[in-house]
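Undergrad: Handing over work-v4.cif, mmCIF, C-alpha atoms and all ligand atoms.
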data_protein
#
loop_
_atom_site.label_atom_id
_atom_site.label_comp_id
_atom_site.auth_asym_id
_atom_site.auth_seq_id
_atom_site.Cartn_x
_atom_site.Cartn_y
_atom_site.Cartn_z
CA MET A 23 -85.36 34.06 186.97
CA ARG A 24 -85.66 31.29 189.52
CA GLN A 25 -89.21 31.51 190.87
CA ALA A 26 -90.51 30.29 194.23
CA ALA A 27 -94.08 30.18 195.51
CA LEU A 28 -94.50 30.77 199.23
CA ILE A 29 -97.99 29.57 200.19
CA VAL A 30 -99.09 30.73 203.64
CA ALA A 31 -101.34 28.15 205.33
CA ALA A 32 -100.70 28.46 209.08
CA GLY A 33 -103.99 30.14 209.95
CA ARG A 34 -106.82 28.59 211.97
CA GLY A 35 -109.71 29.67 209.75
CA THR A 36 -111.87 30.81 212.65
CA ARG A 37 -114.24 32.93 210.50
CA ALA A 38 -114.92 29.93 208.24
CA GLY A 39 -116.05 27.74 211.15
CA GLY A 40 -116.15 23.98 210.69
CA ASP A 41 -114.28 21.21 212.51
CA LEU A 42 -111.08 21.67 210.46
CA PRO A 43 -109.11 24.78 209.54
CA LYS A 44 -110.44 25.86 206.14
CA GLN A 45 -107.29 24.99 204.20
CA TRP A 46 -107.70 21.28 205.02
CA ARG A 47 -111.40 21.09 204.17
CA PRO A 48 -112.62 19.58 200.90
CA VAL A 49 -113.96 21.70 198.03
CA ALA A 50 -114.83 20.35 194.57
CA GLY A 51 -113.28 16.97 195.32
CA ARG A 52 -109.89 18.06 196.76
CA THR A 53 -108.73 19.98 199.81
CA VAL A 54 -108.34 23.74 199.53
CA THR A 55 -104.59 23.27 199.93
CA GLU A 56 -104.35 20.73 197.10
CA TRP A 57 -106.13 23.08 194.71
CA THR A 58 -103.90 26.00 195.68
CA LEU A 59 -100.69 23.98 195.37
CA SER A 60 -101.77 22.85 191.91
CA ARG A 61 -101.92 26.47 190.76
CA PHE A 62 -98.17 26.85 191.31
CA SER A 63 -96.92 23.48 190.05
CA HIS A 64 -94.93 25.29 187.34
CA MET A 65 -92.80 27.17 189.88
CA ASP A 66 -89.17 26.16 190.47
CA GLU A 67 -89.90 25.68 194.16
CA ILE A 68 -92.99 25.60 196.37
CA ALA A 69 -92.88 26.17 200.14
CA LEU A 70 -95.96 25.69 202.32
CA VAL A 71 -96.04 27.51 205.66
CA ILE A 72 -98.15 25.54 208.14
CA HIS A 73 -99.26 25.49 211.75
CA PRO A 74 -97.26 22.89 213.74
CA ASP A 75 -100.54 21.07 214.55
CA ASP A 76 -101.19 20.51 210.83
CA ARG A 77 -98.20 18.40 209.83
CA ALA A 78 -100.25 15.25 209.19
CA ALA A 79 -102.88 17.12 207.17
CA ALA A 80 -100.16 18.87 205.18
CA ALA A 81 -98.31 15.64 204.45
CA GLU A 82 -101.54 14.09 203.15
CA ALA A 83 -102.29 17.12 200.95
CA ILE A 84 -98.76 17.21 199.52
CA GLY A 85 -98.50 13.48 198.78
CA ALA A 86 -95.46 12.99 196.53
CA LEU A 87 -95.24 16.64 195.48
CA PRO A 88 -91.81 18.29 196.07
CA VAL A 89 -93.21 20.86 198.52
CA ARG A 90 -91.15 22.17 201.42
CA LEU A 91 -92.95 22.48 204.78
CA ILE A 92 -92.11 25.42 207.04
CA ALA A 93 -93.50 26.26 210.49
CA GLY A 94 -95.56 29.46 210.54
CA GLY A 95 -95.97 32.22 213.08
CA ALA A 96 -98.64 33.91 215.19
CA ASP A 97 -100.04 36.02 212.34
CA ARG A 98 -99.84 36.11 208.55
CA ALA A 99 -96.86 38.48 208.48
CA ALA A 100 -94.91 36.28 210.91
CA SER A 101 -95.66 33.24 208.77
CA VAL A 102 -94.45 35.02 205.65
CA ARG A 103 -91.28 36.10 207.43
CA ALA A 104 -90.61 32.55 208.62
CA GLY A 105 -91.10 31.28 205.09
CA LEU A 106 -88.79 33.87 203.56
CA GLU A 107 -86.07 33.16 206.13
CA ALA A 108 -86.32 29.43 205.40
CA LEU A 109 -85.86 30.05 201.66
CA THR A 110 -82.70 32.11 202.18
CA ALA A 111 -80.23 29.21 202.00
CA ALA A 112 -81.07 28.59 198.33
CA ALA A 113 -82.60 31.95 197.57
CA PRO A 114 -84.83 32.28 194.49
CA ASP A 115 -84.67 35.38 192.31
CA VAL A 116 -88.35 36.13 192.82
CA VAL A 117 -90.97 34.90 195.28
CA LEU A 118 -94.74 34.85 194.90
CA ILE A 119 -96.44 35.02 198.31
CA HIS A 120 -99.95 33.57 198.19
CA ASP A 121 -102.81 32.80 200.57
CA VAL A 122 -103.62 29.08 200.63
CA ALA A 123 -107.21 30.32 201.08
CA ARG A 124 -107.23 31.50 197.43
CA PRO A 125 -107.48 28.17 195.55
CA CYS A 126 -109.20 29.62 192.49
CA VAL A 127 -106.40 31.96 191.41
CA PRO A 128 -106.34 31.97 187.59
CA ARG A 129 -103.00 31.18 185.93
CA ALA A 130 -103.34 34.48 184.03
CA VAL A 131 -103.15 36.41 187.31
CA ILE A 132 -100.01 34.53 188.36
CA ASP A 133 -98.47 35.14 184.94
CA ARG A 134 -99.21 38.89 185.15
CA VAL A 135 -97.37 39.10 188.48
CA VAL A 136 -94.37 37.17 187.13
CA ALA A 137 -94.24 39.27 183.93
CA ALA A 138 -94.32 42.53 185.89
CA LEU A 139 -91.36 41.39 188.02
CA GLU A 140 -89.18 41.51 184.91
CA THR A 141 -89.25 45.31 185.21
CA VAL A 142 -90.35 46.25 188.75
CA PRO A 143 -89.25 44.87 192.16
CA GLY A 144 -92.81 44.24 193.32
CA ALA A 145 -96.14 43.37 191.70
CA ALA A 146 -99.53 42.48 193.14
CA PRO A 147 -103.02 41.80 191.73
CA GLY A 148 -105.91 44.05 192.64
CA LEU A 149 -109.43 44.96 191.62
CA PRO A 150 -110.69 48.56 191.56
CA VAL A 151 -113.41 49.35 194.09
CA THR A 152 -116.63 49.78 192.08
CA ASP A 153 -119.17 50.21 194.90
CA ALA A 154 -119.82 53.27 197.03
CA LEU A 155 -118.04 53.16 200.41
CA TRP A 156 -119.60 53.83 203.81
CA GLN A 157 -118.15 54.19 207.30
CA ALA A 158 -120.39 52.25 209.73
CA THR A 159 -121.25 53.32 213.29
CA PRO A 160 -121.15 50.71 216.12
CA GLU A 161 -124.97 50.75 215.92
CA GLY A 162 -124.91 49.61 212.27
CA ARG A 163 -125.84 52.92 210.76
CA VAL A 164 -124.05 54.81 208.02
CA GLY A 165 -121.84 57.29 209.87
CA GLY A 166 -120.00 58.59 206.87
CA THR A 167 -118.95 57.95 203.29
CA ALA A 168 -115.57 57.66 201.59
CA ARG A 169 -114.42 58.25 198.02
CA ARG A 170 -113.66 55.14 195.98
CA GLU A 171 -111.50 56.70 193.28
CA GLY A 172 -108.07 55.10 193.15
CA LEU A 173 -108.91 52.40 195.73
CA PHE A 174 -108.22 48.72 194.98
CA ARG A 175 -109.10 45.43 196.67
CA ALA A 176 -105.81 43.62 197.22
CA GLN A 177 -105.36 39.99 196.19
CA THR A 178 -102.50 37.50 196.09
CA PRO A 179 -100.04 36.20 194.89
CA GLN A 180 -97.96 39.24 195.71
CA GLY A 181 -94.60 38.95 193.98
CA PHE A 182 -91.24 40.48 194.81
CA ARG A 183 -87.52 40.29 194.11
CA PHE A 184 -86.62 37.87 196.88
CA ARG A 185 -83.84 39.77 198.68
CA ALA A 186 -85.87 43.00 198.69
CA ILE A 187 -88.95 41.52 200.39
CA LEU A 188 -86.86 39.45 202.82
CA ASP A 189 -84.95 42.56 203.94
CA ALA A 190 -88.25 44.47 204.19
CA HIS A 191 -89.77 41.83 206.48
CA LEU A 192 -86.63 41.67 208.62
CA VAL A 193 -86.96 45.36 209.54
CA HIS A 194 -90.78 45.59 209.62
CA PRO A 195 -92.37 45.83 213.11
CA GLY A 196 -94.91 43.09 212.21
CA GLY A 197 -98.69 42.86 211.90
CA ALA A 198 -98.99 43.96 208.27
CA ALA A 199 -102.24 43.03 206.49
CA ASP A 200 -100.33 42.03 203.36
CA ASP A 201 -96.82 42.02 201.91
CA VAL A 202 -97.39 45.15 199.82
CA GLU A 203 -97.72 47.03 203.12
CA VAL A 204 -94.35 45.63 204.23
CA ALA A 205 -92.78 46.40 200.85
CA ARG A 206 -94.02 49.99 200.80
CA MET A 207 -92.56 50.70 204.24
CA ALA A 208 -89.20 49.63 202.82
CA GLY A 209 -89.66 51.85 199.77
CA ILE A 210 -90.13 49.00 197.28
CA ASP A 211 -91.94 50.03 194.11
CA VAL A 212 -95.03 47.82 193.64
CA ALA A 213 -96.95 47.62 190.36
CA ILE A 214 -100.67 46.83 190.39
CA VAL A 215 -101.68 44.12 187.93
CA ALA A 216 -105.23 43.04 187.15
CA GLY A 217 -106.68 40.58 189.62
CA ALA A 218 -109.77 38.45 189.06
CA GLU A 219 -113.18 38.26 190.74
CA ASP A 220 -112.77 34.46 190.75
CA ASN A 221 -109.64 34.85 192.90
CA LEU A 222 -111.68 34.96 196.09
CA LYS A 223 -110.22 34.32 199.50
CA ILE A 224 -112.19 31.63 201.31
CA THR A 225 -112.97 33.48 204.53
CA GLY A 226 -116.56 32.73 205.70
CA PRO A 227 -118.74 29.58 205.48
CA ASP A 228 -120.52 30.73 202.31
CA ASP A 229 -117.26 31.02 200.37
CA PHE A 230 -116.87 27.25 200.00
CA ASP A 231 -119.89 26.91 197.68
CA ARG A 232 -118.73 29.82 195.55
CA ALA A 233 -115.21 28.39 195.34
CA ALA A 234 -116.62 24.97 194.39
CA ARG A 235 -118.64 26.48 191.52
CA ILE A 236 -115.58 28.27 190.23
CA LEU A 237 -113.30 25.25 190.55
CA GLU A 238 -115.76 22.89 188.86
CA THR A 239 -116.09 25.32 185.96
CA MET A 240 -112.41 26.28 185.80
CA ASP A 241 -111.17 22.71 186.21
CA GLY A 242 -114.29 20.77 185.38
CA HIS A 243 -112.57 18.92 182.56
CA THR A 244 -109.69 18.01 184.87
CA LEU A 245 -112.06 16.93 187.63
CA ARG A 246 -114.03 14.72 185.25
CA GLN A 247 -110.82 13.19 183.87
CA ARG A 248 -109.71 12.33 187.39
CA ILE A 249 -112.97 10.73 188.56
N1 LIG B 301 -100.75 32.89 211.62
C1 LIG B 301 -101.19 32.87 210.34
C2 LIG B 301 -102.45 33.44 209.97
C3 LIG B 301 -102.87 33.37 208.65
N2 LIG B 301 -102.07 32.74 207.74
C4 LIG B 301 -102.52 32.59 206.36
O1 LIG B 301 -102.78 33.86 205.79
C5 LIG B 301 -103.80 33.71 204.79
C6 LIG B 301 -104.84 34.80 204.91
O2 LIG B 301 -105.35 34.77 206.23
P1 LIG B 301 -106.89 34.49 206.59
O3 LIG B 301 -107.72 34.35 205.39
O4 LIG B 301 -107.29 35.46 207.64
O5 LIG B 301 -106.80 33.01 207.24
P2 LIG B 301 -106.99 32.65 208.77
O6 LIG B 301 -106.14 33.52 209.62
O7 LIG B 301 -106.85 31.17 208.86
O8 LIG B 301 -108.56 33.01 208.98
P3 LIG B 301 -109.24 33.62 210.29
O9 LIG B 301 -108.75 35.04 210.40
O10 LIG B 301 -110.70 33.51 209.98
O11 LIG B 301 -108.81 32.75 211.45
C7 LIG B 301 -104.42 32.33 204.96
O12 LIG B 301 -104.05 31.52 203.85
C8 LIG B 301 -103.83 31.83 206.27
O13 LIG B 301 -103.63 30.43 206.31
C9 LIG B 301 -100.84 32.17 208.10
O14 LIG B 301 -100.15 31.59 207.25
N3 LIG B 301 -100.41 32.27 209.39
C1 LIG B 302 -103.31 39.23 202.06
C2 LIG B 302 -104.76 39.53 201.73
O1 LIG B 302 -105.37 38.39 201.16
C3 LIG B 302 -104.83 40.67 200.77
O2 LIG B 302 -106.19 41.01 200.53
C4 LIG B 302 -105.56 39.89 203.01
O3 LIG B 302 -104.97 41.02 203.64
C5 LIG B 302 -105.60 38.76 204.01
O4 LIG B 302 -106.46 39.19 205.05
P1 LIG B 302 -106.77 38.17 206.23
O5 LIG B 302 -107.63 38.89 207.21
O6 LIG B 302 -105.43 37.77 206.80
O7 LIG B 302 -107.49 37.04 205.59
#
Now that the file is in, can you turn its structure into structure tokens?
TA:
Amino acid sequence: MRQAALIVAAGRGTRAGGDLPKQWRPVAGRTVTEWTLSRFSHMDEIALVIHPDDRAAAAEAIGALPVRLIAGGADRAASVRAGLEALTAAAPDVVLIHDVARPCVPRAVIDRVVAALETVPGAAPGLPVTDALWQATPEGRVGGTARREGLFRAQTPQGFRFRAILDAHLVHPGGAADDVEVARMAGIDVAIVAGAEDNLKITGPDDFDRAARILETMDGHTLRQRI
């Protein structure tokens, strides 16, 4: 199977703050984007979906890597759709759609998604919810509770047979929180594979320190070799 990674990086990172969108900020000695791209260097093709304002930053992060740059859209789903449409000319068999904001994704998680795609048309990593769940009131009080059984926290990369997820996005009304939502509306069977707590999405300011600790441990030997 010819495998492509579609890394979505066209967001503005407003919740993370800072003077640069989070994907271009440094963590553990490299930019978030460089770390994330390095996780998928074994793929047959890598496409990076970026905001038009970020072309210079993207070119610097890519360096000499054979990464295709694609212009993103107004929300994550639109960026994914733009990326899938751009890959159509030389369509891969399977595509792994991943948040650039998840630079710590373990190779084992990626491998579990790819392995599952041998037998099912969709596969995505998740973690079971292990805490009690509350519904908050606008005043910050507990207004209700919800059952956790069977609930998972979704992660990426979310992998699919390419044609199936492209067709699903082409008919979806837009605004989906993730690609599993798009796939399910099109009736695509999606297997859950084990995610990883280390596979955090850098969202708020505090996430950079946590990601740095993970990256220095996960890739400490590599980092030391490079310095
Ligand atoms: N128009 C958009 C919006 C988001 N994303 C990507 O979707 C992923 C998950 O989105 P999120 O973590 O929300 O990133 P941002 O939208 O940048 O963050 P914020 O909502 O804080 O602005 C990120 O890798 C982000 O770059 C994208 O490619 N195109
Ligand atoms: C795609 C995702 O990472 C799955 O958990 C999540 O939906 C992205 O959410 P965001 O608000 O766009 O960061």
Undergrad: Within 8 Å of ligand LIG 301 (chain B), which residues show up when you count only C-alpha atoms and all ligand atoms? List them as an MDAnalysis selection string, please.
TA: chainID A and resid 29:39 43:45 71:73 94:102 120:124 223:226
Undergrad: May I have the selected residues written with C-alpha atoms, as a compact mmCIF listing (two decimals), in the coordinates of the input?
TA:
# COMPACT_ATOMS: atom_id res chain seq x y z
CA ILE A 29 -97.99 29.57 200.19
CA VAL A 30 -99.09 30.73 203.64
CA ALA A 31 -101.34 28.15 205.33
CA ALA A 32 -100.70 28.46 209.08
CA GLY A 33 -103.99 30.14 209.95
CA ARG A 34 -106.82 28.59 211.97
CA GLY A 35 -109.71 29.67 209.75
CA THR A 36 -111.87 30.81 212.65
CA ARG A 37 -114.24 32.93 210.50
CA ALA A 38 -114.92 29.93 208.24
CA GLY A 39 -116.05 27.74 211.15
CA PRO A 43 -109.11 24.78 209.54
CA LYS A 44 -110.44 25.86 206.14
CA GLN A 45 -107.29 24.99 204.20
CA VAL A 71 -96.04 27.51 205.66
CA ILE A 72 -98.15 25.54 208.14
CA HIS A 73 -99.26 25.49 211.75
CA GLY A 94 -95.56 29.46 210.54
CA GLY A 95 -95.97 32.22 213.08
CA ALA A 96 -98.64 33.91 215.19
CA ASP A 97 -100.04 36.02 212.34
CA ARG A 98 -99.84 36.11 208.55
CA ALA A 99 -96.86 38.48 208.48
CA ALA A 100 -94.91 36.28 210.91
CA SER A 101 -95.66 33.24 208.77
CA VAL A 102 -94.45 35.02 205.65
CA HIS A 120 -99.95 33.57 198.19
CA ASP A 121 -102.81 32.80 200.57
CA VAL A 122 -103.62 29.08 200.63
CA ALA A 123 -107.21 30.32 201.08
CA ARG A 124 -107.23 31.50 197.43
CA LYS A 223 -110.22 34.32 199.50
CA ILE A 224 -112.19 31.63 201.31
CA THR A 225 -112.97 33.48 204.53
CA GLY A 226 -116.56 32.73 205.70
Undergrad: Could you please extract the residues within 6 Å of ligand LIG 302 (chain B), counting all atoms listed in the file, and hand them back as a list in words?
TA: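 Counting only what the definition allows, namely all atoms listed in the file, the set is Ala176, Gln177, Thr178, Ala199 and Asp200 of chain A.
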Undergrad: Please compute the CA of Gly172 (chain A)-CA of Ala146 (chain A) distance, one decimal, in Å.
TA: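 We find that CA of Gly172 (chain A) and CA of Ala146 (chain A) lie 15.2 Å from each other.
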Undergrad: So what do you get for CA of Val151 (chain A) versus CA of Val49 (chain A), distance-wise?
TA: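 For CA of Val151 (chain A) relative to CA of Val49 (chain A), the distance reads 27.9 Å.
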Undergrad: Taking (-107.8, 51.3, 196.4) in the coordinates of the supplied file, I want to know which residues reach to within 10 Å of it, counting only C-alpha atoms; could you give the answer as a ChimeraX atom specification?
TA: /A:148-152,169-176
Undergrad: Quick check, in Å to one decimal: how far apart do CA of Ala208 (chain A) and CA of Gly105 (chain A) lie?
TA: 18.6 Å
Undergrad: Quick one: residues within 12 Å of Pro88 (chain A), only C-alpha atoms, excluding same-chain residues fewer than 4 positions away - as a PDB file with C-alpha atoms, keeping the file's coordinate frame?
TA:
ATOM      1  CA  LEU A  59    -100.690  23.980 195.370  1.00  0.00           C
ATOM      2  CA  SER A  60    -101.770  22.850 191.910  1.00  0.00           C
ATOM      3  CA  PHE A  62     -98.170  26.850 191.310  1.00  0.00           C
ATOM      4  CA  SER A  63     -96.920  23.480 190.050  1.00  0.00           C
ATOM      5  CA  HIS A  64     -94.930  25.290 187.340  1.00  0.00           C
ATOM      6  CA  MET A  65     -92.800  27.170 189.880  1.00  0.00           C
ATOM      7  CA  ASP A  66     -89.170  26.160 190.470  1.00  0.00           C
ATOM      8  CA  GLU A  67     -89.900  25.680 194.160  1.00  0.00           C
ATOM      9  CA  ILE A  68     -92.990  25.600 196.370  1.00  0.00           C
ATOM     10  CA  ALA A  69     -92.880  26.170 200.140  1.00  0.00           C
ATOM     11  CA  LEU A  70     -95.960  25.690 202.320  1.00  0.00           C
ATOM     12  CA  ALA A  81     -98.310  15.640 204.450  1.00  0.00           C
ATOM     13  CA  ALA A  83    -102.290  17.120 200.950  1.00  0.00           C
ATOM     14  CA  ILE A  84     -98.760  17.210 199.520  1.00  0.00           C
TER      15      ILE A  84
END
Undergrad: Pick out the closest residue to Arg183 (chain A) from this set: A:Ala138, A:Ile214, A:Leu222, A:Ala198. Count all atoms listed in the file.
TA: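 Checking each of A:Ala138, A:Ile214, A:Leu222, A:Ala198 against Arg183 (chain A), counting all atoms listed in the file, the winner is A:Ala138.
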Undergrad: Could you check which of A:Pro179, A:Gly144, A:Pro114, A:Pro227 is closest to Val204 (chain A), using all atoms listed in the file?
TA: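 Closest residue, counting all atoms listed in the file: A:Gly144.
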Undergrad: In the coordinates of the file, take the point (-111.3, 35.9, 191.5) and a cut-off of 8 Å; then, counting all atoms listed in the file, name each qualifying protein, DNA or RNA residue as a list in words.
TA: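 Using all atoms listed in the file, the matching residues come out as Cys126, Val127, Pro128, Gly217, Ala218, Glu219, Asp220, Asn221 and Leu222 of chain A.
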Undergrad: Could you tell me which of A:Val193, A:Leu87, A:Ala27, A:Ala216 comes closest to Gly181 (chain A) if we count all atoms listed in the file?
TA: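 Checking each candidate against Gly181 (chain A), we get A:Ala27 as the closest.
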Undergrad: Which residues are close to Ala113 (chain A), i.e. within 9 Å by all atoms listed in the file, leaving aside same-chain residues fewer than 2 positions away? Reply as a PyMOL selection string.
TA: chain A and resi 24+26+106+109-111+115-116+184-185
Undergrad: Which centre and which edge lengths, in Å to one decimal, describe the axis-aligned box that holds all listed atoms of region 212-218 of chain A after 6 Å is added on each side, as JSON?
TA:
{"center_x": -102.4, "center_y": 43.1, "center_z": 190.4, "size_x": 26.7, "size_y": 21.4, "size_z": 18.5}
Undergrad: Nearest to Asp231 (chain A) among A:Ala79, A:Ala50, A:Ile132, A:Ala168, with distances taken over all atoms listed in the file: which residue is it?
TA: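 Distance minimum relative to Asp231 (chain A) lands on A:Ala50.
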Undergrad: From the list A:Glu56, A:Glu203, A:Asp211, A:Asp75, which residue is nearest Pro143 (chain A) when using all atoms listed in the file?
TA: A:Asp211
